[in-house]
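Raw coords.cif, mmCIF, C-alpha atoms:
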data_start
loop_
_atom_site.group_PDB
_atom_site.id
_atom_site.type_symbol
_atom_site.label_atom_id
_atom_site.label_comp_id
_atom_site.auth_asym_id
_atom_site.auth_seq_id
_atom_site.Cartn_x
_atom_site.Cartn_y
_atom_site.Cartn_z
ATOM 1 C CA MET A 1 -54.184 -6.544 6.045
ATOM 2 C CA LYS A 2 -52.400 -9.688 4.886
ATOM 3 C CA LYS A 3 -50.061 -7.613 2.711
ATOM 4 C CA SER A 4 -49.093 -5.344 5.614
ATOM 5 C CA VAL A 5 -48.473 -8.332 7.922
ATOM 6 C CA ILE A 6 -46.367 -10.084 5.272
ATOM 7 C CA PHE A 7 -44.475 -6.873 4.583
ATOM 8 C CA SER A 8 -43.854 -6.280 8.314
ATOM 9 C CA ALA A 9 -42.651 -9.853 8.754
ATOM 10 C CA PHE A 10 -40.359 -9.477 5.744
ATOM 11 C CA VAL A 11 -38.874 -6.223 7.112
ATOM 12 C CA ALA A 12 -38.370 -7.819 10.539
ATOM 13 C CA LEU A 13 -36.685 -10.861 8.977
ATOM 14 C CA MET A 14 -34.375 -8.703 6.844
ATOM 15 C CA THR A 15 -33.469 -6.614 9.911
ATOM 16 C CA ILE A 16 -32.578 -9.737 11.922
ATOM 17 C CA VAL A 17 -30.523 -11.149 9.017
ATOM 18 C CA GLY A 18 -28.775 -7.797 8.576
ATOM 19 C CA VAL A 19 -27.916 -7.515 12.284
ATOM 20 C CA GLN A 20 -26.651 -11.113 12.418
ATOM 21 C CA THR A 21 -24.567 -10.570 9.277
ATOM 22 C CA ALA A 22 -23.051 -7.388 10.707
ATOM 23 C CA MET A 23 -22.374 -9.147 14.022
ATOM 24 C CA ALA A 24 -20.736 -12.092 12.243
ATOM 25 C CA GLN A 25 -18.575 -9.715 10.246
ATOM 26 C CA ASP A 26 -17.613 -7.785 13.377
ATOM 27 C CA GLU A 27 -16.414 -11.013 15.022
ATOM 28 C CA PHE A 28 -13.290 -10.989 12.840
ATOM 29 C CA LYS A 29 -10.385 -9.572 14.845
ATOM 30 C CA HIS A 30 -7.490 -10.112 12.438
ATOM 31 C CA GLU A 31 -6.843 -9.153 8.847
ATOM 32 C CA VAL A 32 -3.862 -9.568 6.543
ATOM 33 C CA ALA A 33 -3.414 -8.083 3.091
ATOM 34 C CA ILE A 34 -0.990 -7.965 0.191
ATOM 35 C CA SER A 35 -1.010 -5.231 -2.453
ATOM 36 C CA TYR A 36 0.822 -3.637 -5.357
ATOM 37 C CA GLY A 37 0.860 0.107 -5.899
ATOM 38 C CA ALA A 38 2.004 2.892 -8.186
ATOM 39 C CA LEU A 39 3.659 6.266 -7.611
ATOM 40 C CA SER A 40 5.134 5.715 -4.157
ATOM 41 C CA ASN A 41 6.991 8.448 -2.281
ATOM 42 C CA SER A 42 10.314 6.787 -3.159
ATOM 43 C CA GLN A 43 9.418 6.522 -6.837
ATOM 44 C CA ILE A 44 8.390 10.191 -7.039
ATOM 45 C CA LEU A 45 11.474 11.380 -5.126
ATOM 46 C CA ASP A 46 13.726 9.357 -7.442
ATOM 47 C CA VAL A 47 12.348 11.200 -10.473
ATOM 48 C CA PHE A 48 13.112 14.581 -8.882
ATOM 49 C CA GLU A 49 16.521 13.398 -7.668
ATOM 50 C CA GLU A 50 17.514 12.243 -11.149
ATOM 51 C CA ALA A 51 16.415 15.556 -12.665
ATOM 52 C CA ILE A 52 18.458 17.543 -10.134
ATOM 53 C CA THR A 53 21.623 15.398 -10.215
ATOM 54 C CA ALA A 54 21.716 14.685 -13.977
ATOM 55 C CA PRO A 55 23.891 17.766 -14.813
ATOM 56 C CA PHE A 56 26.446 16.688 -12.174
ATOM 57 C CA GLN A 57 26.875 13.019 -13.115
ATOM 58 C CA GLY A 58 30.094 13.656 -15.003
ATOM 59 C CA SER A 59 30.868 11.282 -17.855
ATOM 60 C CA THR A 60 27.867 8.939 -17.436
ATOM 61 C CA THR A 61 24.101 9.149 -17.949
ATOM 62 C CA LEU A 62 21.473 7.024 -16.196
ATOM 63 C CA LYS A 63 19.018 5.431 -18.640
ATOM 64 C CA ASP A 64 16.504 2.584 -18.899
ATOM 65 C CA ASP A 65 15.591 2.857 -15.228
ATOM 66 C CA LYS A 66 12.582 0.868 -14.021
ATOM 67 C CA PHE A 67 10.800 0.822 -10.695
ATOM 68 C CA PHE A 68 9.461 -2.403 -9.160
ATOM 69 C CA GLY A 69 6.820 -1.992 -6.480
ATOM 70 C CA PRO A 70 5.747 -0.835 -4.114
ATOM 71 C CA ILE A 71 4.624 -4.262 -2.978
ATOM 72 C CA SER A 72 3.136 -4.286 0.529
ATOM 73 C CA ALA A 73 2.109 -6.676 3.264
ATOM 74 C CA GLU A 74 -0.031 -5.489 6.163
ATOM 75 C CA TYR A 75 -1.643 -6.781 9.332
ATOM 76 C CA PHE A 76 -4.337 -5.218 11.517
ATOM 77 C CA TYR A 77 -5.871 -6.311 14.815
ATOM 78 C CA HIS A 78 -9.339 -4.878 15.432
ATOM 79 C CA LEU A 79 -9.798 -3.391 18.887
ATOM 80 C CA GLN A 80 -13.329 -2.495 17.768
ATOM 81 C CA PRO A 81 -15.175 -3.350 14.537
ATOM 82 C CA TRP A 82 -14.428 0.149 13.200
ATOM 83 C CA ILE A 83 -10.742 0.463 14.134
ATOM 84 C CA GLY A 84 -7.729 -1.777 13.682
ATOM 85 C CA ILE A 85 -4.113 -1.228 14.673
ATOM 86 C CA GLY A 86 -1.129 -2.994 13.174
ATOM 87 C CA GLY A 87 1.691 -2.484 10.736
ATOM 88 C CA ILE A 88 2.656 -2.212 7.078
ATOM 89 C CA PHE A 89 5.806 -3.489 5.360
ATOM 90 C CA VAL A 90 6.656 -2.087 1.911
ATOM 91 C CA TYR A 91 9.331 -3.150 -0.598
ATOM 92 C CA GLY A 92 10.381 -1.195 -3.666
ATOM 93 C CA GLN A 93 13.347 -1.188 -6.029
ATOM 94 C CA LYS A 94 14.630 1.027 -8.812
ATOM 95 C CA LYS A 95 17.190 -0.286 -11.276
ATOM 96 C CA GLY A 96 18.845 1.460 -14.217
ATOM 97 C CA TYR A 97 21.969 1.371 -16.378
ATOM 98 C CA LEU A 98 24.764 3.917 -16.578
ATOM 99 C CA TYR A 99 25.922 4.754 -20.086
ATOM 100 C CA SER A 100 29.236 6.364 -20.991
ATOM 101 C CA ASP A 101 28.731 9.763 -22.629
ATOM 102 C CA SER A 102 31.732 9.211 -24.907
ATOM 103 C CA ASP A 103 30.665 5.971 -26.634
ATOM 104 C CA ASN A 104 27.127 5.330 -25.274
ATOM 105 C CA MET A 105 28.159 1.930 -23.863
ATOM 106 C CA ILE A 106 26.898 0.483 -20.569
ATOM 107 C CA VAL A 107 29.529 1.005 -17.866
ATOM 108 C CA GLY A 108 27.556 -0.096 -14.823
ATOM 109 C CA GLU A 109 24.286 -0.584 -13.027
ATOM 110 C CA ASP A 110 22.556 1.743 -10.582
ATOM 111 C CA LYS A 111 20.185 0.160 -8.043
ATOM 112 C CA ASN A 112 18.159 1.610 -5.165
ATOM 113 C CA THR A 113 16.289 -0.639 -2.727
ATOM 114 C CA TYR A 114 13.624 0.636 -0.299
ATOM 115 C CA LEU A 115 12.439 -1.246 2.801
ATOM 116 C CA THR A 116 9.735 0.476 4.856
ATOM 117 C CA VAL A 117 8.105 -0.431 8.179
ATOM 118 C CA MET A 118 5.145 1.599 9.466
ATOM 119 C CA PRO A 119 2.910 1.200 12.513
ATOM 120 C CA ALA A 120 -0.581 1.942 11.204
ATOM 121 C CA ALA A 121 -4.281 2.330 11.960
ATOM 122 C CA LYS A 122 -7.252 1.406 9.733
ATOM 123 C CA PHE A 123 -10.666 3.030 10.144
ATOM 124 C CA ASP A 124 -13.564 0.965 8.748
ATOM 125 C CA TRP A 125 -16.267 3.615 8.563
ATOM 126 C CA PHE A 126 -18.690 1.697 6.320
ATOM 127 C CA ARG A 127 -19.146 -2.032 7.007
ATOM 128 C CA ARG A 128 -21.447 -4.458 5.215
ATOM 129 C CA ALA A 129 -21.345 -8.205 4.587
ATOM 130 C CA ASN A 130 -19.826 -7.891 1.105
ATOM 131 C CA VAL A 131 -18.485 -4.352 0.840
ATOM 132 C CA GLY A 132 -16.639 -1.867 3.014
ATOM 133 C CA LEU A 133 -15.149 1.631 2.908
ATOM 134 C CA TYR A 134 -12.189 2.653 5.014
ATOM 135 C CA SER A 135 -9.304 5.051 5.548
ATOM 136 C CA LYS A 136 -5.780 4.256 6.719
ATOM 137 C CA LEU A 137 -2.804 6.060 8.243
ATOM 138 C CA GLY A 138 0.732 4.758 8.776
ATOM 139 C CA VAL A 139 3.949 6.540 9.772
ATOM 140 C CA GLY A 140 7.342 4.869 10.000
ATOM 141 C CA VAL A 141 10.830 4.679 8.515
ATOM 142 C CA THR A 142 12.368 3.699 5.185
ATOM 143 C CA LEU A 143 15.809 2.135 4.803
ATOM 144 C CA ARG A 144 17.214 3.148 1.414
ATOM 145 C CA HIS A 145 20.203 1.264 0.015
ATOM 146 C CA ASP A 146 21.931 2.760 -3.050
ATOM 147 C CA VAL A 147 24.531 0.956 -5.171
ATOM 148 C CA SER A 148 26.210 2.448 -8.245
ATOM 149 C CA GLU A 149 28.806 0.308 -10.029
ATOM 150 C CA ASP A 150 30.597 2.867 -12.184
ATOM 151 C CA ILE A 151 31.788 4.940 -9.194
ATOM 152 C CA ASP A 152 31.884 2.091 -6.662
ATOM 153 C CA TYR A 153 29.165 3.781 -4.575
ATOM 154 C CA ASP A 154 27.401 1.822 -1.812
ATOM 155 C CA GLU A 155 25.431 3.685 0.841
ATOM 156 C CA SER A 156 22.434 3.218 3.133
ATOM 157 C CA ASN A 157 20.351 5.799 4.951
ATOM 158 C CA MET A 158 17.035 6.034 6.788
ATOM 159 C CA HIS A 159 14.250 8.599 6.631
ATOM 160 C CA VAL A 160 10.694 9.092 7.849
ATOM 161 C CA ASN A 161 7.926 7.888 5.552
ATOM 162 C CA TRP A 162 4.142 7.539 5.630
ATOM 163 C CA GLN A 163 0.983 6.245 3.984
ATOM 164 C CA LEU A 164 -2.312 8.128 4.046
ATOM 165 C CA THR A 165 -5.223 6.382 2.351
ATOM 166 C CA ALA A 166 -8.054 8.861 1.861
ATOM 167 C CA ILE A 167 -10.477 6.185 0.727
ATOM 168 C CA GLY A 168 -10.278 2.424 0.345
ATOM 169 C CA VAL A 169 -12.951 0.158 -1.130
ATOM 170 C CA GLU A 170 -13.112 -3.594 -0.405
ATOM 171 C CA VAL A 171 -15.489 -6.026 -2.105
ATOM 172 C CA GLY A 172 -16.004 -9.765 -1.746
ATOM 173 C CA SER A 173 -17.062 -12.273 0.873
ATOM 174 C CA LYS A 174 -16.993 -11.625 4.611
ATOM 175 C CA GLN A 175 -13.521 -13.148 4.832
ATOM 176 C CA ILE A 176 -11.803 -12.685 1.444
ATOM 177 C CA ARG A 177 -11.974 -9.348 -0.328
ATOM 178 C CA ALA A 178 -10.331 -7.505 -3.184
ATOM 179 C CA PHE A 179 -9.573 -3.888 -2.466
ATOM 180 C CA ALA A 180 -8.413 -0.660 -4.101
ATOM 181 C CA GLU A 181 -7.116 2.489 -2.420
ATOM 182 C CA LEU A 182 -6.524 6.125 -3.324
ATOM 183 C CA GLY A 183 -4.123 8.156 -1.212
ATOM 184 C CA THR A 184 -0.493 9.197 -0.929
ATOM 185 C CA GLY A 185 2.629 7.673 0.566
ATOM 186 C CA GLU A 186 5.068 4.788 0.296
ATOM 187 C CA GLN A 187 2.384 2.249 -0.713
ATOM 188 C CA GLY A 188 1.510 4.503 -3.638
ATOM 189 C CA ILE A 189 -1.126 6.947 -4.791
ATOM 190 C CA PHE A 190 -3.043 4.017 -6.271
ATOM 191 C CA LEU A 191 -2.885 0.451 -4.975
ATOM 192 C CA GLY A 192 -4.889 -2.739 -5.113
ATOM 193 C CA GLY A 193 -4.746 -6.180 -3.594
ATOM 194 C CA ILE A 194 -6.363 -8.995 -1.630
ATOM 195 C CA ARG A 195 -7.378 -8.984 2.045
ATOM 196 C CA CYS A 196 -8.216 -11.907 4.344
ATOM 197 C CA LYS A 197 -10.133 -11.501 7.624
ATOM 198 C CA PHE A 198 -10.249 -14.130 10.350
#

What would you get if you wrote out this structure as structure tokens?
Amino acid sequence: MKKSVIFSAFVALMTIVGVQTAMAQDEFKHEVAISYGALSNSQILDVFEEAITAPFQGSTTLKDDKFFGPISAEYFYHLQPWIGIGGIFVYGQKKGYLYSDSDNMIVGEDKNTYLTVMPAAKFDWFRRANVGLYSKLGVGVTLRHDVSEDIDYDESNMHVNWQLTAIGVEVGSKQIRAFAELGTGEQGIFLGGIRCKF
């Protein structure tokens, strides 16, 4: 009898603590995050673009190109504990050198810069005090600025872009969490970072 009473009291106490913890977590309306990803839309498209245009580059060849980013900043306001709306800003840059085919000397630099803004929604479908699972969708526009020194080329254009996170995992305290995501889009196929809720 004593064991069943103690066990019942323990279960009741854990239930109350769990509800209060969930309620405290759900009180947070704002969240900001910063992340770094790999294999963004822009990075993947650049690889295909280089492969297609390489035979038509004339007397130069692009080599030693490196991609920085995507680095992202995001903000969400929670209308409900399970859904937040906000926006994502993404920065990426690709830089490479143009070599002369005749003497293999550097004749210029080729640089592409990508600035993306996306309205977005985040769906927190599993919420606990120290861990959460979520999905995310953002659709917006990318401003691409291309500069190539050897042919005095300087051009900007805009195109539609997106981020679809199939699954995101966040771990930490109720307010500060590390996270990792798997998806596709301008933030990358893989990305990780830090999130703050307040």

**Asked** Taking the file as shown, what set of residues would the PyMOL selection byres ((chain A and resi 36) around 7) give back, as a VMD selection string?
**Response** chain A and resid 35 37 69 to 72 191 to 193

**Message:** Give me the residues near region 169-173 of chain A as a list in words, where near means some atom within 9 Å (using only C-alpha atoms) and where sequence neighbours in that chain fewer than 6 positions away do not count.
**Reply:** Ala129, Asn130, Val131, Gly132, Leu133, Tyr134, Phe179, Ala180, Glu181, Ile194 and Arg195 of chain A

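Computed from the coordinates, the CA of Leu115 (chain A) to CA of Ala73 (chain A) distance equals 11.7 Å.
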
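What the PyMOL selection byres ((chain A and resi 78) around 12) matches in the given file is Gln25, Asp26, Glu27, Phe28, Lys29, His30, Glu31, Val32, Tyr75, Phe76, Tyr77, Leu79, Gln80, Pro81, Trp82, Ile83, Gly84, Ile85, Gly86, Ala120, Ala121, Lys122, Phe123, Asp124, Lys197 and Phe198 of chain A.
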
Give me, as JSON lines, the closest atom pair and its distance (Å, one decimal) for every residue of region 95-190 of chain A within a cut-off of 7 Å of region 38-48 of chain A, counting only C-alpha atoms, rows sorted by chain and rising number.
{"residue": "A:Gly185", "atom": "CA", "partner": "A:Asn41", "partner_atom": "CA", "distance": 5.3}
{"residue": "A:Glu186", "atom": "CA", "partner": "A:Ser40", "partner_atom": "CA", "distance": 4.5}
{"residue": "A:Gln187", "atom": "CA", "partner": "A:Ser40", "partner_atom": "CA", "distance": 5.6}
{"residue": "A:Gly188", "atom": "CA", "partner": "A:Ser40", "partner_atom": "CA", "distance": 3.9}
{"residue": "A:Ile189", "atom": "CA", "partner": "A:Leu39", "partner_atom": "CA", "distance": 5.6}
{"residue": "A:Phe190", "atom": "CA", "partner": "A:Ala38", "partner_atom": "CA", "distance": 5.5}

**Item:** Residue with smallest distance to Phe126 (chain A) - pool A:Gly168, A:Asn157, A:Ala178, A:Leu143, counting all atoms listed in the file
**Value:** A:Gly168

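All residues of protein, DNA or RNA that reach within 10 Å of Met158 (chain A), judged by only C-alpha atoms and not counting those fewer than 4 positions away in the chain, are A:Tyr114, A:Leu115, A:Thr116, A:Val141, A:Thr142, A:Leu143, A:Arg144, A:His145.
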
**Fill in**
Pairwise distance, CA of Arg177 (chain A) with CA of Phe67 (chain A), equals 27.0 Å

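Rounded to one decimal, CA of Lys66 (chain A) and CA of Ile106 (chain A) lie 15.7 Å from each other.
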
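Of the residues listed (A:Asp64, A:Tyr97, A:Gly87, A:Lys111), A:Lys111 shows the shortest atom-to-atom separation from Asp154 (chain A); distances use all atoms listed in the file.
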
Can you tell me which residues surround Met118 (chain A) at a distance of at most 7 Å, considering all atoms listed in the file, apart from same-chain residues fewer than 4 positions away, and format the answer as a short mmCIF file (atom, residue, chain, number, x, y, z; two decimals) with C-alpha atoms, in the coordinates of the input?
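Result file is around20.cif:
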data_model
loop_
_atom_site.label_atom_id
_atom_site.label_comp_id
_atom_site.auth_asym_id
_atom_site.auth_seq_id
_atom_site.Cartn_x
_atom_site.Cartn_y
_atom_site.Cartn_z
CA GLY A 87 1.69 -2.48 10.74
CA ILE A 88 2.66 -2.21 7.08
CA PHE A 89 5.81 -3.49 5.36
CA GLY A 138 0.73 4.76 8.78
CA VAL A 139 3.95 6.54 9.77
CA GLY A 140 7.34 4.87 10.00
CA VAL A 141 10.83 4.68 8.52
#

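Between Leu98 (chain A) and the candidates A:Val147, A:Leu62, A:Leu137, A:Val117, the tightest atom-to-atom separation, counting only C-alpha atoms, involves A:Leu62.
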
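Selection result for the displayed file, with the PyMOL selection byres ((chain A and resi 164) around 6) as criterion, is Lys136, Leu137, Gln163, Thr165, Gly183 and Thr184 of chain A.
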